[in-house]
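For reference, run14.cif (mmCIF, C-alpha atoms):
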```
data_coords
loop_
_atom_site.label_atom_id
_atom_site.label_comp_id
_atom_site.auth_asym_id
_atom_site.auth_seq_id
_atom_site.Cartn_x
_atom_site.Cartn_y
_atom_site.Cartn_z
CA MET K 18 -16.86 21.14 -1.61
CA GLN K 19 -15.72 24.76 -1.74
CA PHE K 20 -12.09 23.66 -2.09
CA ILE K 21 -12.94 21.59 -5.20
CA PHE K 22 -14.79 24.59 -6.66
CA PHE K 23 -11.81 26.90 -6.17
CA LEU K 24 -9.36 24.29 -7.51
CA SER K 25 -11.36 23.67 -10.70
CA SER K 26 -11.93 27.39 -11.32
CA PHE K 27 -8.19 28.01 -10.84
CA ILE K 28 -7.34 25.23 -13.34
CA SER K 29 -9.78 26.62 -15.93
CA LEU K 30 -8.46 30.20 -15.61
CA VAL K 31 -4.81 29.09 -15.79
CA SER K 32 -5.45 27.01 -18.90
CA ILE K 33 -7.16 30.00 -20.57
CA PHE K 34 -4.05 32.08 -19.72
CA PHE K 35 -1.92 29.41 -21.43
CA ILE K 36 -4.09 29.85 -24.55
CA ILE K 37 -3.48 33.62 -24.49
CA PHE K 38 0.31 33.37 -24.20
CA GLY K 39 0.82 30.25 -26.33
CA ASN K 40 1.57 29.96 -30.01
CA ASN K 41 1.01 26.32 -30.88
CA LEU K 42 -2.44 25.44 -32.20
CA LEU K 43 -2.68 21.88 -30.90
CA TYR K 44 -1.54 22.74 -27.36
CA SER K 45 -4.08 25.58 -27.21
CA ILE K 46 -6.88 23.14 -28.08
CA LEU K 47 -5.67 20.75 -25.38
CA PHE K 48 -5.70 23.59 -22.82
CA LEU K 49 -9.21 24.54 -23.95
CA ILE K 50 -10.36 20.94 -23.39
CA ILE K 51 -8.82 21.03 -19.88
CA SER K 52 -10.67 24.28 -19.18
CA PHE K 53 -14.00 22.82 -20.34
CA LEU K 54 -13.53 19.68 -18.24
CA SER K 55 -12.87 21.74 -15.11
CA THR K 56 -15.98 23.79 -15.90
CA SER K 57 -17.93 20.54 -16.08
CA VAL K 58 -16.70 19.74 -12.56
CA ILE K 59 -18.25 23.06 -11.46
CA PHE K 60 -21.54 22.07 -13.16
CA PHE K 61 -21.56 18.79 -11.27
CA LEU K 62 -20.89 20.61 -8.01
CA LEU K 63 -23.79 23.00 -8.65
CA GLY K 64 -26.13 20.03 -9.02
CA SER K 65 -26.99 20.23 -12.72
CA CYS K 66 -25.76 16.82 -13.83
CA LEU K 67 -27.14 16.87 -17.39
CA ALA K 68 -25.14 20.00 -18.25
CA GLY K 69 -21.98 18.42 -16.84
CA PHE K 70 -22.48 15.26 -18.92
CA PHE K 71 -23.11 17.33 -22.04
CA GLN K 72 -20.05 19.45 -21.37
CA VAL K 73 -17.88 16.32 -21.27
CA VAL K 74 -19.50 14.27 -24.02
CA ILE K 75 -20.68 16.80 -26.62
CA TYR K 76 -18.66 19.97 -26.05
CA SER K 77 -15.18 18.70 -25.32
CA GLY K 78 -15.69 15.34 -26.98
CA ALA K 79 -17.36 16.22 -30.26
CA ILE K 80 -17.16 19.96 -30.99
CA LEU K 81 -13.51 20.45 -29.98
CA LEU K 82 -12.59 17.31 -31.89
CA LEU K 83 -13.56 19.23 -35.05
CA PHE K 84 -10.71 21.66 -34.31
CA VAL K 85 -8.28 18.73 -34.06
CA PHE K 86 -9.50 17.45 -37.46
CA PHE K 87 -8.95 20.93 -38.89
CA ILE K 88 -5.34 20.94 -37.66
CA MET K 89 -4.83 17.50 -39.23
CA THR K 90 -5.89 18.84 -42.64
CA ILE K 91 -3.70 21.98 -42.73
CA ASP K 92 0.09 22.14 -43.05
CA ASN K 93 1.81 22.74 -39.74
CA LYS K 94 5.11 23.92 -41.23
CA SER K 95 3.72 27.06 -42.89
CA ASN K 96 3.62 30.43 -41.20
CA ILE K 97 0.38 30.23 -39.32
CA PHE K 98 1.95 30.83 -35.91
CA VAL K 99 2.10 34.61 -36.19
CA THR K 100 0.62 35.48 -32.81
CA GLU K 101 3.16 37.47 -30.79
CA ILE K 102 2.08 40.12 -28.31
CA CYS K 103 4.31 43.06 -29.25
CA MET K 104 4.70 46.51 -27.69
CA LYS K 105 2.22 48.12 -30.07
CA LYS K 106 -0.61 46.23 -28.47
CA ILE K 107 -0.31 47.88 -25.06
CA LEU K 108 -2.94 50.48 -25.96
CA LYS K 109 -5.19 47.66 -27.13
CA ILE K 110 -4.65 45.80 -23.83
CA PHE K 111 -5.55 48.95 -21.87
CA PHE K 112 -8.73 49.29 -23.92
CA LEU K 113 -9.61 45.65 -23.27
CA PHE K 114 -9.07 46.15 -19.54
CA LEU K 115 -11.49 49.09 -19.72
CA ILE K 116 -14.12 46.98 -21.49
CA SER K 117 -13.78 44.07 -19.06
CA SER K 118 -13.93 46.38 -16.02
CA ILE K 119 -17.18 47.88 -17.36
CA PHE K 120 -18.49 44.33 -17.80
CA PHE K 121 -17.51 43.43 -14.21
CA ILE K 122 -19.28 46.52 -12.84
CA GLU K 123 -22.43 45.56 -14.76
CA VAL K 124 -22.36 41.98 -13.47
CA ILE K 125 -21.88 43.07 -9.84
CA TYR K 126 -24.67 45.66 -10.19
CA ILE K 127 -27.07 43.00 -11.51
CA PHE K 128 -26.01 40.66 -8.73
CA ASN K 129 -26.63 43.23 -6.00
CA ASN K 130 -30.08 44.08 -7.33
CA CYS K 131 -31.53 40.70 -8.30
CA PHE K 132 -29.80 38.00 -6.25
CA ASP K 133 -29.51 37.09 -2.61
CA ASN K 134 -25.96 36.27 -1.58
CA THR K 135 -26.89 34.27 1.51
CA LYS K 136 -28.53 31.49 -0.49
CA LEU K 137 -26.23 28.58 -1.28
CA LEU K 138 -26.20 26.46 -4.41
CA SER K 139 -26.14 22.72 -3.93
CA LYS K 140 -29.60 21.51 -4.95
CA LEU K 141 -29.73 18.56 -7.32
CA ILE K 142 -31.95 19.16 -10.36
CA ASN K 143 -33.53 15.95 -11.60
CA VAL K 144 -32.79 14.90 -15.17
CA LYS K 145 -36.30 13.48 -15.54
CA ASN K 146 -37.89 16.90 -15.01
CA VAL K 147 -35.51 18.40 -17.56
CA GLY K 148 -36.59 15.84 -20.16
CA LYS K 149 -40.27 16.40 -19.36
CA THR K 150 -40.07 20.17 -19.81
CA LEU K 151 -37.84 19.76 -22.88
CA PHE K 152 -40.35 17.59 -24.72
CA SER K 153 -43.52 19.35 -23.61
CA ASP K 154 -42.91 23.11 -23.58
CA TYR K 155 -39.94 23.35 -25.91
CA PHE K 156 -40.86 20.71 -28.50
CA PHE K 157 -40.98 23.15 -31.42
CA LEU K 158 -37.56 24.56 -30.50
CA ILE K 159 -36.06 21.05 -30.61
CA GLU K 160 -37.35 20.64 -34.16
CA LEU K 161 -35.87 24.02 -35.08
CA SER K 162 -32.48 23.11 -33.61
CA SER K 163 -32.41 19.83 -35.54
CA MET K 164 -33.16 21.82 -38.71
CA LEU K 165 -30.26 24.15 -37.79
CA LEU K 166 -27.86 21.21 -37.52
CA LEU K 167 -29.00 19.84 -40.88
CA GLU K 168 -28.53 23.27 -42.48
CA SER K 169 -25.00 23.55 -41.08
CA LEU K 170 -24.18 20.12 -42.56
CA ILE K 171 -25.50 21.16 -46.00
CA VAL K 172 -23.71 24.54 -45.90
CA SER K 173 -20.35 23.03 -44.93
CA PHE K 174 -20.71 20.45 -47.71
CA TYR K 175 -21.57 23.20 -50.21
CA ILE K 176 -18.62 25.40 -49.22
CA ASN K 177 -16.01 22.68 -49.56
CA LYS K 178 -17.37 21.26 -52.80
CA ASP K 179 -14.77 20.92 -55.53
CA TYR K 180 -16.15 22.86 -58.48
CA LYS K 181 -13.69 21.49 -61.03
CA LYS K 182 -15.05 17.96 -60.80
CA PHE K 183 -18.72 18.87 -61.17
CA MET P 28 -21.37 24.86 -0.09
CA ILE P 29 -20.82 27.26 -2.97
CA SER P 30 -21.82 30.91 -2.82
CA ILE P 31 -23.49 32.36 -5.92
CA PHE P 32 -21.20 35.41 -5.96
CA TYR P 33 -18.13 33.28 -6.76
CA CYS P 34 -19.91 31.69 -9.73
CA PHE P 35 -20.83 35.14 -11.08
CA VAL P 36 -17.27 36.41 -10.73
CA LEU P 37 -15.86 33.26 -12.35
CA SER P 38 -18.18 33.51 -15.35
CA ALA P 39 -17.31 37.21 -15.80
CA LEU P 40 -13.59 36.36 -15.61
CA ILE P 41 -13.92 33.58 -18.21
CA PHE P 42 -15.91 35.88 -20.54
CA SER P 43 -13.39 38.73 -20.26
CA LEU P 44 -10.46 36.35 -20.90
CA GLY P 45 -12.31 35.17 -24.01
CA VAL P 46 -12.58 38.80 -25.14
CA PHE P 47 -8.83 39.14 -24.58
CA ILE P 48 -8.12 36.06 -26.74
CA PHE P 49 -10.47 37.35 -29.44
CA PHE P 50 -8.84 40.77 -29.74
CA LEU P 51 -5.17 40.03 -29.09
CA LYS P 52 -4.54 37.26 -31.63
CA ASN P 53 -3.91 37.64 -35.35
CA ASN P 54 -4.84 34.07 -36.14
CA ILE P 55 -8.48 33.33 -37.05
CA PHE P 56 -8.25 29.94 -35.40
CA PHE P 57 -7.39 31.52 -32.04
CA MET P 58 -10.28 33.95 -32.51
CA LEU P 59 -12.64 30.99 -32.84
CA LEU P 60 -11.18 29.55 -29.63
CA GLY P 61 -11.88 32.90 -27.95
CA LEU P 62 -15.49 32.70 -29.08
CA GLU P 63 -15.75 29.24 -27.53
CA VAL P 64 -14.31 30.53 -24.24
CA MET P 65 -16.84 33.40 -24.23
CA LEU P 66 -19.67 30.90 -24.81
CA ASN P 67 -18.35 28.87 -21.87
CA GLY P 68 -18.64 31.87 -19.56
CA CYS P 69 -22.20 32.52 -20.71
CA LEU P 70 -23.12 28.87 -20.13
CA LEU P 71 -21.76 29.01 -16.58
CA LEU P 72 -23.93 32.09 -15.91
CA PHE P 73 -27.05 30.34 -17.29
CA ILE P 74 -26.47 27.19 -15.23
CA THR P 75 -25.84 29.21 -12.06
CA SER P 76 -28.95 31.34 -12.39
CA GLY P 77 -31.05 28.32 -13.33
CA ASN P 78 -29.82 26.56 -10.22
CA TYR P 79 -30.49 29.61 -8.04
CA TRP P 80 -34.22 29.58 -8.78
CA ASN P 81 -34.32 25.74 -8.64
CA ASN P 82 -35.54 25.60 -12.22
CA GLU P 83 -34.77 23.36 -15.23
CA ASN P 84 -34.82 26.12 -17.83
CA GLY P 85 -31.14 26.91 -17.37
CA GLN P 86 -30.10 23.45 -18.56
CA ILE P 87 -32.56 23.60 -21.47
CA ILE P 88 -31.03 26.90 -22.62
CA TYR P 89 -27.64 25.18 -22.22
CA ILE P 90 -28.68 22.44 -24.66
CA PHE P 91 -29.86 24.97 -27.26
CA ILE P 92 -26.69 27.06 -26.94
CA ILE P 93 -24.57 23.92 -27.44
CA THR P 94 -26.54 23.11 -30.61
CA ALA P 95 -26.02 26.62 -31.97
CA SER P 96 -22.30 26.53 -31.18
CA ALA P 97 -21.96 23.14 -32.92
CA ALA P 98 -23.52 24.58 -36.09
CA GLU P 99 -21.33 27.69 -35.86
CA VAL P 100 -18.12 25.69 -35.44
CA CYS P 101 -19.02 23.40 -38.36
CA VAL P 102 -19.64 26.25 -40.81
CA SER P 103 -16.75 28.44 -39.64
CA LEU P 104 -14.19 25.63 -39.79
CA SER P 105 -15.23 24.75 -43.33
CA LEU P 106 -14.86 28.46 -44.26
CA LEU P 107 -11.41 28.51 -42.64
CA PHE P 108 -10.43 25.44 -44.63
CA LYS P 109 -11.44 27.19 -47.85
CA PHE P 110 -9.51 30.34 -46.83
CA TYR P 111 -6.43 28.28 -46.10
CA LYS P 112 -6.69 26.48 -49.46
CA ILE P 113 -6.83 29.79 -51.35
CA ASN P 114 -4.45 32.07 -49.43
CA ASN P 115 -2.17 29.55 -47.67
CA THR P 116 -2.32 31.52 -44.43
CA LEU P 117 -4.64 32.11 -41.48
CA ASN P 118 -3.56 35.66 -40.62
CA ILE P 119 -6.56 37.95 -40.22
CA ASN P 120 -4.72 41.00 -41.64
CA LEU P 121 -4.02 39.26 -44.96
CA LEU P 122 -7.54 38.00 -45.47
CA SER P 123 -9.13 41.30 -46.49
CA GLU P 124 -10.68 40.19 -49.74
CA LEU P 125 -13.01 43.16 -50.22
CA LYS P 126 -10.13 45.64 -50.62
CA LYS P 127 -8.91 44.13 -53.88
#
```

Written form, structure tokens:
Amino acid sequence: MQFIFFLSSFISLVSIFFIIFGNNLLYSILFLIISFLSTSVIFFLLGSCLAGFFQVVIYSGAILLLFVFFIMTIDNKSNIFVTEICMKKILKIFFLFLISSIFFIEVIYIFNNCFDNTKLLSKLINVKNVGKTLFSDYFFLIELSSMLLLESLIVSFYINKDYKKF
Amino acid sequence: MISIFYCFVLSALIFSLGVFIFFLKNNIFFMLLGLEVMLNGCLLLFITSGNYWNNENGQIIYIFIITASAAEVCVSLSLLFKFYKINNTLNINLLSELKK
């Protein structure tokens, strides 16, 4: 089981590196989908099956498909591929390394204070309990999230409205 | 059997690589992809800590974060489409409208 975890984490990290050093838009979206699918394998291994299903069906199946639709609408031949890493960015890269090292130190500090390393993660969480708590304790939040989705639909329709016709 | 320390390190790595994508690219589209990668790292952290305490609240937070990210992607892609229609480019350095 540990071998599958390391393999999927390696695949997800390598595909994110391909996004950093790549220039094509469509290939970067495909690598992002590969990264999300390997993360869903990790969710299944941890025992939270509902999150793994949602990662496959909703995240990489519906949300990332919007990016593909966006690429279909724009012109690929124009100069949108201006993403080279030049020598001027070395200072920026050093600064980013500083930020990410600070973040790592914070995460390891939280881990040493609040978590026990000897405990292992392989317990299956039942989907039925998730549905019960979702529709009893968090019922109002579900209504709010549905309102959020409706608002995003209305806003995106309003932004792309053609004012010359109306 | 998976140790919890590896999951923490993996989520931190994914988040920091998302920060790298967000700051190194000129293209707004790649910056959106970096935001998605950062959200993926956060989701892995939520699922891991929810599984550590044998609790369902981690997956419930996962569902709400996915809803918020769907709304964000919908609005931001429509804004990008409008930007591309007006300026015919997606470079972040050319899209400074407030300077004019």

Worksheet, complete the sentence: Pairwise distance, CA of Ile80 (chain K) with CA of Val100 (chain P), equals 7.3 Å

List every residue of chain P that has an atom at most 6 Å from any atom of chain K, giving for each one its closest atom pair and the distance in Å to one decimal, counting only C-alpha atoms, sorted by chain and then by ascending residue number, as a Markdown table.
```
| residue | atom | partner | partner_atom | distance |
| --- | --- | --- | --- | --- |
| P:Met28 | CA | K:Gln19 | CA | 5.9 |
| P:Ile29 | CA | K:Leu138 | CA | 5.6 |
| P:Ser30 | CA | K:Leu137 | CA | 5.2 |
| P:Ser43 | CA | K:Ser117 | CA | 5.5 |
| P:Ile48 | CA | K:Ile37 | CA | 5.7 |
| P:Lys52 | CA | K:Thr100 | CA | 5.6 |
| P:Asn53 | CA | K:Thr100 | CA | 5.6 |
| P:Glu83 | CA | K:Val147 | CA | 5.5 |
| P:Ala98 | CA | K:Ser169 | CA | 5.3 |
| P:Val102 | CA | K:Ser173 | CA | 5.3 |
| P:Ser105 | CA | K:Ser173 | CA | 5.6 |
| P:Thr116 | CA | K:Ile97 | CA | 5.9 |
| P:Leu117 | CA | K:Ile97 | CA | 5.8 |
```

Discussion item. What does the structure give for the distance between CA of Leu107 (chain P) and CA of Tyr44 (chain K), in Å to one decimal?
Written reply: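 Separation between CA of Leu107 (chain P) and CA of Tyr44 (chain K): 19.1 Å.
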
Discussion item. On this structure, the PyMOL selection byres ((chain P and resi 64) around 8) would catch which residues? List them as an MDAnalysis selection string, sorted by chain and number.
Written reply: (chainID K and resid 49) or (chainID P and resid 41:42 44:45 60:63 65:68)

Could those residues be written to a file, using C-alpha atoms, as a PDB file, in the coordinates of the input?
```
ATOM      1  CA  LEU K  49      -9.210  24.540 -23.950  1.00  0.00           C
TER       2      LEU K  49
ATOM      3  CA  ILE P  41     -13.920  33.580 -18.210  1.00  0.00           C
ATOM      4  CA  PHE P  42     -15.910  35.880 -20.540  1.00  0.00           C
ATOM      5  CA  LEU P  44     -10.460  36.350 -20.900  1.00  0.00           C
ATOM      6  CA  GLY P  45     -12.310  35.170 -24.010  1.00  0.00           C
ATOM      7  CA  LEU P  60     -11.180  29.550 -29.630  1.00  0.00           C
ATOM      8  CA  GLY P  61     -11.880  32.900 -27.950  1.00  0.00           C
ATOM      9  CA  LEU P  62     -15.490  32.700 -29.080  1.00  0.00           C
ATOM     10  CA  GLU P  63     -15.750  29.240 -27.530  1.00  0.00           C
ATOM     11  CA  MET P  65     -16.840  33.400 -24.230  1.00  0.00           C
ATOM     12  CA  LEU P  66     -19.670  30.900 -24.810  1.00  0.00           C
ATOM     13  CA  ASN P  67     -18.350  28.870 -21.870  1.00  0.00           C
ATOM     14  CA  GLY P  68     -18.640  31.870 -19.560  1.00  0.00           C
TER      15      GLY P  68
END
```

Discussion item. If I take CA of Asn82 (chain P) and CA of Leu40 (chain P), how far is one from the other in Å, to one decimal?
Written reply: 24.7 Å

Practice prompt. Could you tell me which of K:Val74, K:Phe48, K:Lys145, K:Ser25 comes closest to Ile93 (chain P) if we count only C-alpha atoms?
Written response: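 Looking at the shortest contact to Ile93 (chain P), the residue is K:Val74.
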
Hey, what comes out of the PyMOL selection byres ((chain P and resi 119) around 6) on this file? Could you write it as a PDB file with C-alpha atoms, in the frame of the given file?
```
ATOM      1  CA  ASN P  53      -3.910  37.640 -35.350  1.00  0.00           C
ATOM      2  CA  ASN P  54      -4.840  34.070 -36.140  1.00  0.00           C
ATOM      3  CA  ILE P  55      -8.480  33.330 -37.050  1.00  0.00           C
ATOM      4  CA  ASN P 118      -3.560  35.660 -40.620  1.00  0.00           C
ATOM      5  CA  ASN P 120      -4.720  41.000 -41.640  1.00  0.00           C
ATOM      6  CA  LEU P 121      -4.020  39.260 -44.960  1.00  0.00           C
ATOM      7  CA  LEU P 122      -7.540  38.000 -45.470  1.00  0.00           C
TER       8      LEU P 122
END
```

Practice prompt. Apply the PyMOL selection byres ((chain P and resi 85) around 10) to the displayed file and report the matching residues as a ChimeraX atom specification.
Written response: /K:65,68,147 /P:70-84,86-90

What would region 50-73 of chain P look like with N, CA and C atoms in place, written as a compact mmCIF listing (two decimals), in the frame of the given file?
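Listed below is the output, selection_34.txt:
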```txt
# COMPACT_ATOMS: atom_id res chain seq x y z
N PHE P 50 -9.38 39.53 -29.19
CA PHE P 50 -8.84 40.77 -29.74
C PHE P 50 -7.33 40.79 -29.84
N LEU P 51 -6.63 39.94 -29.10
CA LEU P 51 -5.17 40.03 -29.09
C LEU P 51 -4.50 39.17 -30.15
N LYS P 52 -5.19 38.20 -30.73
CA LYS P 52 -4.54 37.26 -31.63
C LYS P 52 -4.76 37.67 -33.09
N ASN P 53 -3.76 37.39 -33.92
CA ASN P 53 -3.91 37.64 -35.35
C ASN P 53 -4.53 36.46 -36.07
N ASN P 54 -4.41 35.30 -35.48
CA ASN P 54 -4.84 34.07 -36.14
C ASN P 54 -6.36 33.90 -36.03
N ILE P 55 -7.02 33.50 -37.11
CA ILE P 55 -8.48 33.33 -37.05
C ILE P 55 -8.85 32.13 -36.19
N PHE P 56 -7.99 31.15 -36.19
CA PHE P 56 -8.25 29.94 -35.40
C PHE P 56 -8.31 30.27 -33.91
N PHE P 57 -7.36 31.12 -33.45
CA PHE P 57 -7.39 31.52 -32.04
C PHE P 57 -8.61 32.38 -31.74
N MET P 58 -9.08 33.16 -32.75
CA MET P 58 -10.28 33.95 -32.51
C MET P 58 -11.49 33.06 -32.31
N LEU P 59 -11.55 31.96 -33.05
CA LEU P 59 -12.64 30.99 -32.84
C LEU P 59 -12.56 30.39 -31.44
N LEU P 60 -11.31 30.09 -30.99
CA LEU P 60 -11.18 29.55 -29.63
C LEU P 60 -11.65 30.57 -28.60
N GLY P 61 -11.40 31.87 -28.85
CA GLY P 61 -11.88 32.90 -27.95
C GLY P 61 -13.40 32.96 -27.90
N LEU P 62 -14.02 32.76 -29.06
CA LEU P 62 -15.49 32.70 -29.08
C LEU P 62 -16.01 31.54 -28.24
N GLU P 63 -15.32 30.39 -28.32
CA GLU P 63 -15.75 29.24 -27.53
C GLU P 63 -15.61 29.52 -26.04
N VAL P 64 -14.51 30.20 -25.66
CA VAL P 64 -14.31 30.53 -24.24
C VAL P 64 -15.40 31.47 -23.74
N MET P 65 -15.77 32.48 -24.60
CA MET P 65 -16.84 33.40 -24.23
C MET P 65 -18.17 32.66 -24.04
N LEU P 66 -18.44 31.70 -24.94
CA LEU P 66 -19.67 30.90 -24.81
C LEU P 66 -19.65 30.10 -23.51
N ASN P 67 -18.45 29.63 -23.10
CA ASN P 67 -18.35 28.87 -21.87
C ASN P 67 -18.71 29.72 -20.65
N GLY P 68 -18.27 30.98 -20.65
CA GLY P 68 -18.64 31.87 -19.56
C GLY P 68 -20.13 32.11 -19.50
N CYS P 69 -20.75 32.31 -20.67
CA CYS P 69 -22.20 32.52 -20.71
C CYS P 69 -22.95 31.29 -20.19
N LEU P 70 -22.45 30.10 -20.57
CA LEU P 70 -23.12 28.87 -20.13
C LEU P 70 -23.04 28.72 -18.62
N LEU P 71 -21.89 29.09 -18.04
CA LEU P 71 -21.76 29.01 -16.58
C LEU P 71 -22.76 29.95 -15.90
N LEU P 72 -22.96 31.13 -16.48
CA LEU P 72 -23.93 32.09 -15.91
C LEU P 72 -25.35 31.53 -15.99
N PHE P 73 -25.71 30.91 -17.14
CA PHE P 73 -27.05 30.34 -17.29
C PHE P 73 -27.30 29.22 -16.29
```
